[in-house]
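Undergrad: Attaching a single structure in structure tokens format; questions to follow.
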Amino acid sequence: MDHPRAVCTELAQNDDAAKASSSLQTADDVNAISALLLERFKAYLSESDEIEVEARLCTIRGPAKGATCRLVQEKHTVDVGVDRKSFTKVLRYVAERAHDPPVKAKTTDIRDKDVRVTKNHSNGGEVTSVRKIRRAVLDVFVAGSLYDVRFAVSTETPCSPREFPEKKPLEARDKDRTSYCLGNERVDLTTVESRGRVTREVEIEMGKANATDLPHFVENVLRIVEAAG
């Protein structure tokens with residue numbers, strides 16, 4: 001991973017009330033999306049720590065959204081990230097449900113083909129390298145919400161450290177990240193600056209990629225999508 005892990009905690013007990021009142025998280029939505037994920041990702045899900053299953057809040061542009069959650073198969077584009085107001089809402093939602101303090105980190109990432117080279121400014125400038133290969137992507141419209149979700153499964157393999165250039169490349173991504181753990185999921189809230197543009201990203205990652213936990217993962221992702229709206 002390209003950032004430190006927070007110590008995982010269980011969801012707060014009062015989150016049951018939020019779950020019951022959610023307009024998005026019907027059993028049909030959770031089951032339908034979980035089935036799609038399992039169908040697309042089952043070839044890659046394993047007990048290996050190298051498998052990463054993640055969800056990013058995004059806006060899908062192109063086809064009509066419709067009244068139900070669905071896989072987007074038509075031609076479309078995806079804008080990853082949320083606006084400042086939604087970012088603050090998600091931060092508050094997650095912070096209220098985490099029992100432990102967040103883990104914060106400031107890093108700079110550059111790409112060398114399929115290798116991500118990260119310099120951690122919060123850890124004495126330590127440089128790490130990870131080979132990340134995207135295996136599958138699934139874009140899902142979330143009905144009745146401001147944002148949609150891009151689900152992805154990737155392999156991440158640590159590799160020999162690459163040298164970080166003395167002069168920061170133009171395409172470098174400066175990240176200011178706050179990470180919380182809720183149960184088996186880690187939530188990363190990151191402000192990214194690259195090429196003079198600032199974006200705010202919300203990513204939810206499974207702590208251990210396996211088919212059994214997919215419905216719980218999807219349910220928590222949908223809660224966060226709703227909180228962002």
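Chain lettering (A, B, ...) mirrors the order of the structure tokens, residue numbering begins at 1 for each chain separately, and ligand numbering begins at 1 in order of display.
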Would you give me, as JSON lines, each residue of segment 186-213 of chain A having an atom within 10 Å of an atom of segment 155-174 of chain A, along with its shortest atom pair and that distance in Å to one decimal, using only C-alpha atoms and sorting by chain and residue number?

TA:
{"residue": "A:Thr190", "atom": "CA", "partner": "A:Asp174", "partner_atom": "CA", "distance": 9.8}
{"residue": "A:Thr191", "atom": "CA", "partner": "A:Asp174", "partner_atom": "CA", "distance": 8.2}
{"residue": "A:Val192", "atom": "CA", "partner": "A:Asp174", "partner_atom": "CA", "distance": 5.6}
{"residue": "A:Glu193", "atom": "CA", "partner": "A:Asp174", "partner_atom": "CA", "distance": 5.2}
{"residue": "A:Ser194", "atom": "CA", "partner": "A:Arg173", "partner_atom": "CA", "distance": 4.9}
{"residue": "A:Arg195", "atom": "CA", "partner": "A:Leu170", "partner_atom": "CA", "distance": 6.3}
{"residue": "A:Gly196", "atom": "CA", "partner": "A:Leu170", "partner_atom": "CA", "distance": 9.4}
{"residue": "A:Arg197", "atom": "CA", "partner": "A:Arg173", "partner_atom": "CA", "distance": 9.9}
{"residue": "A:Val198", "atom": "CA", "partner": "A:Asp174", "partner_atom": "CA", "distance": 9.5}

Undergrad: Please return, as a count of residues only, all residues of segment 25-123 of chain A that DSSP assigns to strand (DSSP E) on the basis of the backbone.

TA: 33

Undergrad: Using only C-alpha atoms, which of the listed residues (A:Ile33, A:Ala105, A:Cys58, A:Leu45) sits closest to Gly124 of chain A?

TA: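 Of the candidates, the smallest distance to Gly124 of chain A is held by A:Ala105.
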
Undergrad: Show which residues sit within 9 Å of Ala32 of chain A, as a JSON list (two decimals) with C-alpha atoms, in the first residue's frame. Count only C-alpha atoms, and ignore same-chain residues fewer than 4 positions away.

TA:
[["chain", "number", "residue", "atom", "x", "y", "z"],
["A", 27, "ALA", "CA", -31.09, -5.51, 0.37],
["A", 28, "ASP", "CA", -31.70, -5.61, -3.38],
["A", 36, "LEU", "CA", -21.81, -8.20, -10.01],
["A", 37, "LEU", "CA", -18.57, -7.77, -8.10],
["A", 69, "CYS", "CA", -28.40, 0.91, -8.99],
["A", 70, "ARG", "CA", -26.87, -0.66, -12.09]]
